[in-house]
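Containing TSV, C-alpha atoms and all ligand atoms: start-v7.tsv.
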```
chain	number	residue	atom	x	y	z
A	14	MET	CA	-56.63	33.62	-8.51
A	15	ARG	CA	-56.61	29.83	-7.85
A	16	LEU	CA	-53.25	28.60	-6.58
A	17	ALA	CA	-52.88	26.07	-9.45
A	18	LYS	CA	-53.51	28.80	-12.03
A	19	PHE	CA	-51.04	31.10	-10.26
A	20	LEU	CA	-48.34	28.41	-10.47
A	21	ALA	CA	-49.12	27.79	-14.15
A	22	HIS	CA	-48.88	31.52	-14.89
A	23	ALA	CA	-45.55	31.66	-13.09
A	24	GLY	CA	-44.31	28.95	-15.48
A	25	VAL	CA	-43.96	26.19	-12.88
A	26	ALA	CA	-45.98	23.58	-14.79
A	27	SER	CA	-49.20	23.12	-16.73
A	28	ARG	CA	-52.39	23.69	-14.74
A	29	ARG	CA	-52.77	19.94	-14.17
A	30	GLY	CA	-49.07	19.53	-13.35
A	31	ALA	CA	-49.37	22.38	-10.85
A	32	GLU	CA	-52.29	20.64	-9.12
A	33	GLU	CA	-50.14	17.55	-8.64
A	34	ILE	CA	-47.25	19.63	-7.29
A	35	ILE	CA	-49.60	21.31	-4.81
A	36	ARG	CA	-51.21	18.04	-3.68
A	37	SER	CA	-47.79	16.49	-3.12
A	38	GLY	CA	-47.06	19.13	-0.46
A	39	ARG	CA	-44.33	21.08	-2.28
A	40	VAL	CA	-46.07	24.46	-2.12
A	41	GLN	CA	-46.02	26.92	0.74
A	42	ILE	CA	-47.96	30.13	1.29
A	43	ALA	CA	-46.26	32.50	3.70
A	44	GLY	CA	-44.24	29.57	5.02
A	45	THR	CA	-47.14	27.14	5.55
A	46	THR	CA	-47.61	24.10	3.31
A	47	VAL	CA	-50.85	24.22	1.33
A	48	THR	CA	-52.31	21.21	-0.52
A	49	ASP	CA	-55.51	22.78	-1.87
A	50	PRO	CA	-55.09	23.79	-5.57
A	51	ALA	CA	-58.17	26.03	-5.29
A	52	ARG	CA	-56.72	28.28	-2.54
A	53	ASP	CA	-57.12	31.93	-3.51
A	54	VAL	CA	-53.76	33.72	-3.90
A	55	ASP	CA	-52.16	36.76	-5.50
A	56	ILE	CA	-48.65	38.07	-6.09
A	57	ASP	CA	-48.43	39.34	-2.48
A	58	SER	CA	-49.40	36.00	-0.88
A	59	GLY	CA	-45.80	34.75	-0.65
A	60	VAL	CA	-46.21	31.59	-2.73
A	61	ALA	CA	-43.16	29.32	-2.77
A	62	VAL	CA	-42.40	25.98	-4.43
A	63	ASP	CA	-39.88	23.74	-2.65
A	64	GLY	CA	-39.08	26.73	-0.42
A	65	LYS	CA	-38.31	29.12	-3.34
A	66	PHE	CA	-40.54	32.20	-3.67
A	67	LEU	CA	-42.18	32.78	-7.03
A	68	GLU	CA	-41.64	36.17	-8.56
A	69	GLY	CA	-44.31	37.40	-10.99
A	70	PRO	CA	-45.15	35.74	-14.30
A	71	GLU	CA	-42.34	34.72	-16.66
A	72	GLU	CA	-42.25	35.79	-20.28
A	73	ARG	CA	-44.24	33.16	-22.17
A	74	MET	CA	-42.39	31.18	-24.81
A	75	VAL	CA	-43.26	28.30	-27.10
A	76	PHE	CA	-40.65	26.33	-29.03
A	77	LEU	CA	-41.20	23.81	-31.77
A	78	VAL	CA	-38.62	21.03	-31.43
A	79	ASN	CA	-37.72	18.13	-33.73
A	80	LYS	CA	-37.23	15.35	-31.19
A	81	PRO	CA	-34.50	12.85	-32.04
A	82	LYS	CA	-34.80	9.17	-31.14
A	83	GLY	CA	-33.79	8.36	-27.55
A	84	VAL	CA	-34.55	11.81	-26.13
A	85	LEU	CA	-37.29	11.75	-23.47
A	86	SER	CA	-40.30	14.05	-23.69
A	87	THR	CA	-40.34	14.95	-20.00
A	88	ALA	CA	-39.09	18.08	-18.23
A	89	ALA	CA	-36.48	16.20	-16.18
A	90	ASP	CA	-35.33	12.61	-15.90
A	91	THR	CA	-34.41	11.05	-12.57
A	92	HIS	CA	-31.71	8.99	-14.29
A	93	GLY	CA	-30.06	12.00	-15.93
A	94	ARG	CA	-31.02	11.02	-19.48
A	95	ARG	CA	-31.34	13.71	-22.15
A	96	THR	CA	-34.78	15.32	-22.28
A	97	ILE	CA	-36.52	17.46	-24.86
A	98	VAL	CA	-36.09	20.50	-22.61
A	99	ASP	CA	-32.27	20.12	-22.82
A	100	LEU	CA	-32.54	20.88	-26.55
A	101	VAL	CA	-33.96	24.39	-26.02
A	102	PRO	CA	-32.27	27.54	-24.64
A	103	SER	CA	-34.48	28.12	-21.59
A	104	ARG	CA	-32.72	31.25	-20.30
A	105	GLY	CA	-33.81	30.34	-16.78
A	106	ALA	CA	-37.47	29.66	-17.69
A	107	ARG	CA	-39.07	26.44	-16.46
A	108	LEU	CA	-40.02	24.74	-19.67
A	109	TYR	CA	-41.90	21.49	-20.18
A	110	PRO	CA	-43.20	19.52	-23.16
A	111	VAL	CA	-46.78	19.72	-24.45
A	112	GLY	CA	-47.90	16.09	-24.34
A	113	ARG	CA	-45.65	13.12	-25.02
A	114	LEU	CA	-43.87	11.26	-27.75
A	115	ASP	CA	-42.43	7.80	-27.06
A	116	ALA	CA	-38.65	7.72	-26.48
A	117	ASP	CA	-38.15	5.93	-29.82
A	118	SER	CA	-40.47	8.31	-31.74
A	119	THR	CA	-39.15	11.40	-33.50
A	120	GLY	CA	-40.55	14.67	-34.76
A	121	LEU	CA	-42.62	17.64	-33.78
A	122	ILE	CA	-43.15	18.42	-30.12
A	123	LEU	CA	-43.79	21.76	-28.42
A	124	VAL	CA	-41.93	22.96	-25.35
A	125	THR	CA	-43.28	25.88	-23.36
A	126	ASN	CA	-43.69	27.61	-20.02
A	127	ASP	CA	-47.25	28.63	-20.92
A	128	GLY	CA	-49.37	26.44	-18.66
A	129	ASP	CA	-52.72	27.58	-20.05
A	130	LEU	CA	-51.72	26.88	-23.61
A	131	ALA	CA	-50.23	23.48	-22.70
A	132	GLN	CA	-53.40	22.47	-20.92
A	133	ARG	CA	-55.57	23.62	-23.77
A	134	LEU	CA	-53.57	21.74	-26.37
A	135	THR	CA	-53.42	18.45	-24.46
A	136	HIS	CA	-56.99	18.39	-23.15
A	137	PRO	CA	-58.94	15.70	-25.06
A	138	SER	CA	-61.94	18.02	-25.56
A	139	PHE	CA	-59.88	20.28	-27.86
A	140	GLU	CA	-59.09	17.40	-30.24
A	141	VAL	CA	-55.94	18.91	-31.73
A	142	PRO	CA	-55.19	16.93	-34.93
A	143	ARG	CA	-51.76	15.29	-34.96
A	144	THR	CA	-50.26	13.71	-38.07
A	145	TYR	CA	-47.75	10.87	-37.85
A	146	ARG	CA	-45.67	9.13	-40.48
A	147	ALA	CA	-45.27	5.44	-39.60
A	148	ALA	CA	-43.09	2.91	-41.38
A	149	VAL	CA	-44.72	-0.47	-40.78
A	150	ARG	CA	-44.10	-4.15	-41.49
A	151	PRO	CA	-45.31	-6.18	-43.25
A	152	ALA	CA	-45.64	-3.94	-46.27
A	153	PRO	CA	-47.74	-2.92	-48.08
A	154	VAL	CA	-50.79	-2.42	-45.86
A	155	PRO	CA	-53.86	-3.88	-47.62
A	156	GLU	CA	-56.93	-1.77	-48.28
A	157	HIS	CA	-59.08	-3.60	-45.70
A	158	ALA	CA	-56.56	-2.78	-42.94
A	159	LEU	CA	-56.44	0.89	-44.02
A	160	ARG	CA	-60.24	0.97	-43.88
A	161	ARG	CA	-60.25	-0.42	-40.33
A	162	LEU	CA	-57.73	2.21	-39.23
A	163	ARG	CA	-59.92	4.93	-40.78
A	164	GLU	CA	-63.13	3.68	-39.24
A	165	GLY	CA	-61.72	3.04	-35.74
A	166	VAL	CA	-60.14	-0.03	-34.16
A	167	ASP	CA	-60.87	-1.66	-30.82
A	168	LEU	CA	-58.03	-1.16	-28.35
A	169	ASP	CA	-57.99	-2.27	-24.72
A	170	ASP	CA	-58.93	1.29	-23.68
A	171	GLY	CA	-61.81	1.53	-26.15
A	172	ARG	CA	-62.48	2.10	-29.84
A	173	THR	CA	-60.42	4.77	-31.58
A	174	ALA	CA	-62.14	7.71	-33.25
A	175	PRO	CA	-62.18	7.80	-37.06
A	176	ALA	CA	-58.75	8.73	-38.44
A	177	LYS	CA	-57.42	10.03	-41.74
A	178	VAL	CA	-55.04	7.40	-43.11
A	179	ARG	CA	-53.19	7.15	-46.40
A	180	GLN	CA	-50.40	4.94	-47.60
A	181	VAL	CA	-47.84	7.34	-49.08
A	182	LYS	CA	-45.69	4.45	-50.32
A	183	PRO	CA	-45.83	0.73	-49.63
A	184	GLY	CA	-45.52	0.27	-45.86
A	185	VAL	CA	-45.42	4.01	-45.05
A	186	LEU	CA	-48.60	5.44	-43.57
A	187	GLU	CA	-49.63	8.99	-42.78
A	188	LEU	CA	-52.20	8.95	-39.98
A	189	THR	CA	-54.03	11.95	-38.56
A	190	ILE	CA	-55.66	11.38	-35.18
A	191	HIS	CA	-56.98	13.78	-32.59
A	192	GLU	CA	-56.83	11.63	-29.51
A	193	GLY	CA	-53.63	11.51	-27.46
A	194	ARG	CA	-53.71	8.02	-25.94
A	195	ASN	CA	-50.50	6.26	-24.92
A	196	HIS	CA	-48.71	4.54	-27.83
A	197	GLN	CA	-51.87	5.08	-29.85
A	198	VAL	CA	-50.46	4.85	-33.37
A	199	LYS	CA	-48.37	1.78	-32.58
A	200	ARG	CA	-51.35	0.08	-30.96
A	201	MET	CA	-53.68	0.97	-33.83
A	202	CYS	CA	-51.29	-0.45	-36.41
A	203	GLU	CA	-50.69	-3.58	-34.33
A	204	ALA	CA	-54.44	-4.09	-34.02
A	205	VAL	CA	-54.64	-4.45	-37.80
A	206	GLY	CA	-51.59	-6.72	-38.01
A	207	HIS	CA	-48.73	-4.28	-38.71
A	208	ARG	CA	-45.76	-3.43	-36.53
A	209	VAL	CA	-44.47	0.15	-36.43
A	210	ASN	CA	-40.72	0.29	-37.10
A	211	THR	CA	-40.28	4.06	-37.06
A	212	LEU	CA	-42.71	6.78	-36.04
A	213	GLN	CA	-42.37	10.50	-36.70
A	214	ARG	CA	-44.85	13.28	-35.86
A	215	ILE	CA	-44.96	15.73	-38.76
A	216	ARG	CA	-47.92	17.97	-37.83
A	217	PHE	CA	-49.51	19.25	-34.65
A	218	GLY	CA	-52.59	21.41	-35.15
A	219	PRO	CA	-51.62	24.15	-37.60
A	220	LEU	CA	-47.86	23.53	-37.17
A	221	ARG	CA	-45.65	21.48	-39.48
A	222	LEU	CA	-42.20	20.02	-38.89
A	223	ASP	CA	-41.07	21.09	-42.38
A	224	ASP	CA	-37.29	20.98	-42.78
A	225	LEU	CA	-36.26	21.62	-39.17
A	226	PRO	CA	-33.28	19.30	-38.60
A	227	GLU	CA	-33.42	16.54	-35.96
A	228	GLY	CA	-32.50	17.99	-32.57
A	229	GLY	CA	-33.25	21.50	-33.90
A	230	HIS	CA	-35.73	24.00	-32.50
A	231	ARG	CA	-37.35	27.31	-33.38
A	232	ARG	CA	-39.29	29.74	-31.24
A	233	LEU	CA	-42.85	30.26	-32.43
A	234	LYS	CA	-43.80	33.75	-33.57
A	235	ALA	CA	-46.57	35.60	-31.72
A	236	ALA	CA	-48.96	35.03	-34.66
A	237	GLU	CA	-48.27	31.27	-34.60
A	238	VAL	CA	-48.96	31.12	-30.86
A	239	GLU	CA	-52.24	32.99	-31.39
A	240	ASN	CA	-53.16	30.57	-34.14
A	241	LEU	CA	-52.43	27.66	-31.80
A	242	ARG	CA	-54.66	29.17	-29.14
A	243	ARG	CA	-57.47	29.08	-31.69
A	244	THR	CA	-56.80	25.38	-32.44
A	245	PRO	CA	-58.51	22.96	-33.22
A	246	SER	CA	-57.94	23.61	-36.83
A	247	GLY	CA	-58.82	20.44	-38.60
E	301	LIG	N1	-48.44	7.12	-30.98
E	301	LIG	C1	-47.47	6.26	-30.59
E	301	LIG	O1	-47.65	5.05	-30.64
E	301	LIG	N2	-46.32	6.77	-30.13
E	301	LIG	C2	-46.05	8.09	-30.07
E	301	LIG	O2	-44.95	8.51	-29.66
E	301	LIG	C3	-47.07	8.98	-30.49
E	301	LIG	C4	-48.25	8.46	-30.95
```
Will you turn the file into structure tokens for me?
Amino acid sequence: MRLAKFLAHAGVASRRGAEEIIRSGRVQIAGTTVTDPARDVDIDSGVAVDGKFLEGPEERMVFLVNKPKGVLSTAADTHGRRTIVDLVPSRGARLYPVGRLDADSTGLILVTNDGDLAQRLTHPSFEVPRTYRAAVRPAPVPEHALRRLREGVDLDDGRTAPAKVRQVKPGVLELTIHEGRNHQVKRMCEAVGHRVNTLQRIRFGPLRLDDLPEGGHRRLKAAEVENLRRTPSG
């Protein structure tokens, strides 16, 4: 098996994250540093990360978390700030978030040690639909601005794909997009003249936030994980 895949299966990081870890020289095979993510390895190869040997694959787990404002969606923060992973009982597993939410955004984010699933869900070609609720100013948003959001707006990294957008009450939009660009919703709204005051993700693929309290989490059931693997769903 490719070294990067082996690391992902062992729960070290997503496949892409594992490639970066390997290229940065943190991985050894039988005591020798290896920087080629494609190196062929198996359980008997003596693969170690930062000098620690990896023992077989970890039990896979996926948690749905309701991220509060101010919590970072990274696995660890160099300044010791609270991260999304701190909100979940990891029981020794190396968990990391699936994609990102801005520090000041709230809502649904997945945390897992399943590298294959994480890669699948964040890869642009899978186009997982994500729904956000955005409170914007000025309110209300006029019909011509809603139409522009739906049809696609020009951002500095290119035109956005068509989106589903409805104004659920004056100044509160529900937007469903399936691209995962940085600050995408805020930038889209700004491009049509509206500033996002609060942003919450309420759906990710087939999953909904429902009434999970802020800071709360729940472990996904096997059937939900299977359903996710079959995403895109909309
Ligand atoms: N779009 C944003 O602007 N911010 C997020 O956190 C997610 C989507």
Report task. Collect all residues with atoms no farther than 7 Å from ligand LIG 301 (chain E), counting all atoms listed in the file, and output them as a list of chain:residue names. Result ->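 Written in the requested form, the residues are A:Arg113, A:Leu114, A:Asp115, A:Ser118, A:Asn195, A:His196, A:Gln197, A:Val198, A:Lys199, A:Arg200, A:Leu212.
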Query - Separation of CA of Asn240 (chain A) from CA of Arg15 (chain A), in Å and rounded to one decimal - result: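 These two atoms are separated by 26.5 Å.
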**Report entry** 9 Å contact set for Leu85 (chain A), all atoms listed in the file, chain neighbours under 4 positions out, as a list of chain:residue names
**Finding:**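 What passes the distance filter is A:Lys80, A:Ala89, A:Asp90, A:Arg94, A:Arg95, A:Thr96, A:Ile97, A:Val98, A:Arg113, A:Leu114, A:Asp115, A:Ala116, A:Asp117.
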Requested in this report: Find, counting only C-alpha atoms, the residue in A:Gly171, A:Gly184, A:Pro110, A:Gly64 that gets nearest to Glu156 (chain A).
Outcome: A:Gly184
Query raised in the report: When you draw a straight line from CA of Pro219 (chain A) to CA of Thr173 (chain A), how long is it in Å?
Result: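 Value for the CA of Pro219 (chain A)-CA of Thr173 (chain A) distance: 22.1 Å.
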Requested in this report: Report the distance between CA of Thr144 (chain A) and CA of Ser103 (chain A) in Å, rounded to one decimal place.
Outcome: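 Distance reported for this atom pair: 27.0 Å.
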For Glu192 (chain A), find every residue with an atom within 12 Å (counting all atoms listed in the file), except residues of its own chain fewer than 4 positions away, and show them as a compact mmCIF listing (two decimals) with C-alpha atoms, in the coordinates of the input.
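Output below, filename part.txt:
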```
# COMPACT_ATOMS: atom_id res chain seq x y z
CA GLY A 112 -47.90 16.09 -24.34
CA LEU A 134 -53.57 21.74 -26.37
CA THR A 135 -53.42 18.45 -24.46
CA HIS A 136 -56.99 18.39 -23.15
CA PRO A 137 -58.94 15.70 -25.06
CA SER A 138 -61.94 18.02 -25.56
CA PHE A 139 -59.88 20.28 -27.86
CA GLU A 140 -59.09 17.40 -30.24
CA VAL A 141 -55.94 18.91 -31.73
CA PRO A 142 -55.19 16.93 -34.93
CA ARG A 143 -51.76 15.29 -34.96
CA THR A 144 -50.26 13.71 -38.07
CA GLY A 165 -61.72 3.04 -35.74
CA GLY A 171 -61.81 1.53 -26.15
CA ARG A 172 -62.48 2.10 -29.84
CA THR A 173 -60.42 4.77 -31.58
CA ALA A 174 -62.14 7.71 -33.25
CA PRO A 175 -62.18 7.80 -37.06
CA ALA A 176 -58.75 8.73 -38.44
CA LEU A 188 -52.20 8.95 -39.98
CA HIS A 196 -48.71 4.54 -27.83
CA GLN A 197 -51.87 5.08 -29.85
CA VAL A 198 -50.46 4.85 -33.37
CA MET A 201 -53.68 0.97 -33.83
CA PHE A 217 -49.51 19.25 -34.65
```
